[in-house]
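To start, the structure under review is shown below, and the notes come after it.
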Amino acid sequence: MSSVQKADIRRADRDALPPWLRPLADAALTIEPRQLSRWLPPPDGGRPSAVLVLFGEGADGPELLLLERATSLRAHAGQPSFPGGSLDPEDGDPQGEGPLRAALREAEEETGLDPSGVRVFATLPRLYIPVSDFVVTPVLAWWRDPSPVAAVDPRETARVFTVPVSLLADRRHRGTAVHPSGYRGPCFEVAGTLVWGFTAGVIDRILHHAGWERPWDRDRELSLDHGA
């Protein structure tokens, strides 16, 4: 498929989106990896994975779907995140459609959402999570026909929830997470939890590049006393 054909398909997807989501679709066409994170995939290796960054419309306007991982997990226990996980062989080419299939499959397995109601409109550049060796493709999608969601397996997922974009952009809910390891990064106090790490970093950059960001106090520090 040529780059022109890809652009035409993305433009068609854009026109089917609600107006408030189109700036993000436009930004996704040109955004570079280093505009999202300083952690980029190594030349070789890494575990291919994908996350679903799913936007819908709720009672309080545009919203984002998140989940909270079970506290019994060995990695990222209790931490809020996007739905997603590692690519399986049946998902296909990690450089092609594999991440899209993996993001939708994992989201269905974790939250019970109906993938037929989801329109994928873009992907962001692949990023890297050093602590878990994941090479992650953020898959951007529009929840055009919302379906009921909940934690499918409590051994993996504690809860599933949505957060209004207006709260994520509100300076009163923003801060800088500080970990004893030396990690510092954006965080969000929303829905009774603290969103930080990779997920918060992606949200922070999406708010910025979509033009939804509002001024906030980067000197407001929130301490983390649990492992990444």
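A note on labels: chains of the structure tokens are A, B, ... as shown, every chain counts residues from 1, and ligands are counted from 1 in their shown order.
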- Polymer residues at most 9 Å from Asp26 of chain A, only C-alpha atoms, same-chain spacing of 4 or more positions, as a PyMOL selection string: chain A and resi 11+14+22+30+210
- Message: Excluding Phe198 of chain A and its own-chain neighbours fewer than 3 positions away, which residues fall within 9 Å of it when counting only C-alpha atoms? Please give them as a list in words.
- Response: Ser81, Tyr128, Ile129, Gly185, Gly201, Val202 and Ile203 of chain A
Write the residues you've just listed into a file as a PDB file, in the first residue's frame, and include C-alpha atoms for each of them.
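The file below, selection.pdb, is the result:
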ATOM      1  CA  SER A  81      -2.984   1.688  32.370  1.00  0.00           C
ATOM      2  CA  TYR A 128       9.881   1.566  24.862  1.00  0.00           C
ATOM      3  CA  ILE A 129       9.325   0.563  28.478  1.00  0.00           C
ATOM      4  CA  GLY A 185       7.245  12.163  35.034  1.00  0.00           C
ATOM      5  CA  GLY A 201       3.445  10.035  29.683  1.00  0.00           C
ATOM      6  CA  VAL A 202       1.372   9.124  26.634  1.00  0.00           C
ATOM      7  CA  ILE A 203      -1.663  11.013  27.960  1.00  0.00           C
TER       8      ILE A 203
END
- Query: What is the atom CA of Leu29 of chain A-atom CA of Asp13 of chain A distance in Å, reported with one decimal?
  - Reply: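 Taking atom CA of Leu29 of chain A as the start and atom CA of Asp13 of chain A as the end point, the length is 12.1 Å.
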- Message: Could you go through segment 64-203 of chain A and tell me which residues DSSP, when run on the backbone, assigns to alpha helix (DSSP H), listing them as an NGL selection string?
- Response: :A and (98-111 or 165-169 or 197-203)
- Query: Given the choices A:Asp153, A:Glu221, A:Asp44, A:Glu213, which gets closest to Glu189 of chain A if the distance is worked out from only C-alpha atoms?
  - Reply: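 Distance minimum relative to Glu189 of chain A lands on A:Glu221.
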- Query: Could you name the residues that touch Leu52 of chain A at 8 Å or less, counting only C-alpha atoms, but leaving out those on the same chain fewer than 4 positions away, as a list in words?
  - Reply: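 Returned residues: Phe82, Pro83, Gly84, Ala103, Leu104, Ala107, Pro138, Val139, Leu140 and Ala141 of chain A.
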Keeping only all heavy atoms, write the selected residues as a compact mmCIF listing (two decimals), in the first residue's frame.
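Result file result.txt:
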# COMPACT_ATOMS: atom_id res chain seq x y z
N PHE A 82 -3.59 1.76 30.05
CA PHE A 82 -4.46 1.50 28.91
C PHE A 82 -4.68 0.00 28.80
O PHE A 82 -3.82 -0.79 29.20
CB PHE A 82 -3.81 1.98 27.61
CG PHE A 82 -3.48 3.44 27.55
CD1 PHE A 82 -2.15 3.85 27.48
CD2 PHE A 82 -4.47 4.40 27.57
CE1 PHE A 82 -1.82 5.19 27.42
CE2 PHE A 82 -4.15 5.75 27.50
CZ PHE A 82 -2.83 6.14 27.43
N PRO A 83 -5.80 -0.44 28.22
CA PRO A 83 -5.91 -1.86 27.88
C PRO A 83 -4.82 -2.22 26.86
O PRO A 83 -4.46 -1.40 26.02
CB PRO A 83 -7.31 -1.97 27.24
CG PRO A 83 -8.04 -0.74 27.68
CD PRO A 83 -6.99 0.32 27.86
N GLY A 84 -4.30 -3.43 26.96
CA GLY A 84 -3.29 -3.84 25.98
C GLY A 84 -2.37 -4.90 26.53
O GLY A 84 -2.51 -5.35 27.67
N ALA A 103 -4.14 -4.80 20.16
CA ALA A 103 -4.76 -3.82 21.04
C ALA A 103 -6.25 -4.11 21.22
O ALA A 103 -6.77 -4.05 22.34
CB ALA A 103 -4.55 -2.41 20.47
N LEU A 104 -6.93 -4.42 20.13
CA LEU A 104 -8.37 -4.72 20.21
C LEU A 104 -8.62 -6.04 20.93
O LEU A 104 -9.54 -6.16 21.75
CB LEU A 104 -8.97 -4.76 18.81
CG LEU A 104 -9.06 -3.40 18.10
CD1 LEU A 104 -9.44 -3.60 16.64
CD2 LEU A 104 -10.07 -2.49 18.80
N ALA A 107 -7.92 -5.57 24.67
CA ALA A 107 -8.97 -4.75 25.28
C ALA A 107 -10.24 -5.55 25.50
O ALA A 107 -10.91 -5.42 26.53
CB ALA A 107 -9.25 -3.53 24.41
N PRO A 138 1.10 2.59 20.61
CA PRO A 138 -0.19 3.13 21.04
C PRO A 138 -1.14 3.21 19.83
O PRO A 138 -0.84 3.84 18.82
CB PRO A 138 0.15 4.52 21.57
CG PRO A 138 1.65 4.51 21.78
CD PRO A 138 2.17 3.59 20.72
N VAL A 139 -2.28 2.55 19.95
CA VAL A 139 -3.28 2.51 18.89
C VAL A 139 -4.43 3.45 19.28
O VAL A 139 -5.10 3.24 20.30
CB VAL A 139 -3.81 1.07 18.70
CG1 VAL A 139 -4.92 1.03 17.64
CG2 VAL A 139 -2.67 0.13 18.31
N LEU A 140 -4.64 4.49 18.48
CA LEU A 140 -5.65 5.49 18.77
C LEU A 140 -6.99 5.07 18.15
O LEU A 140 -7.04 4.69 16.97
CB LEU A 140 -5.24 6.85 18.22
CG LEU A 140 -3.87 7.38 18.65
CD1 LEU A 140 -3.64 8.77 18.05
CD2 LEU A 140 -3.75 7.43 20.16
N ALA A 141 -8.06 5.17 18.93
CA ALA A 141 -9.35 4.70 18.44
C ALA A 141 -10.50 5.53 18.98
O ALA A 141 -10.39 6.17 20.04
CB ALA A 141 -9.54 3.22 18.81
- Message: Need to verify the contact set: Val195 of chain A, 10 Å, only C-alpha atoms, exclusion of same-chain residues closer than 2 positions in sequence. Can you return it as a PyMOL selection string?
- Response: chain A and resi 66+68+79-81+168+174+177+186-193+197-201+203
- Query: Among segment 29-172 of chain A, which residues carry a DSSP assignment of strand (DSSP E or B), reported as a PyMOL selection string?
  - Reply: chain A and resi 47-58+61-69+80-81+84-86+118-123+127-129+134-143+157-164
- Query: Any idea what's packed within 10 Å of segment 108-123 of chain A, counting only C-alpha atoms, ignoring anything in its chain fewer than 3 positions away? Could you give it as a ChimeraX atom specification?
  - Reply: /A:9-14,16-17,22,24-29,50-56,65-67,69,83-85,99-105,126,137-154,156-157,159-161
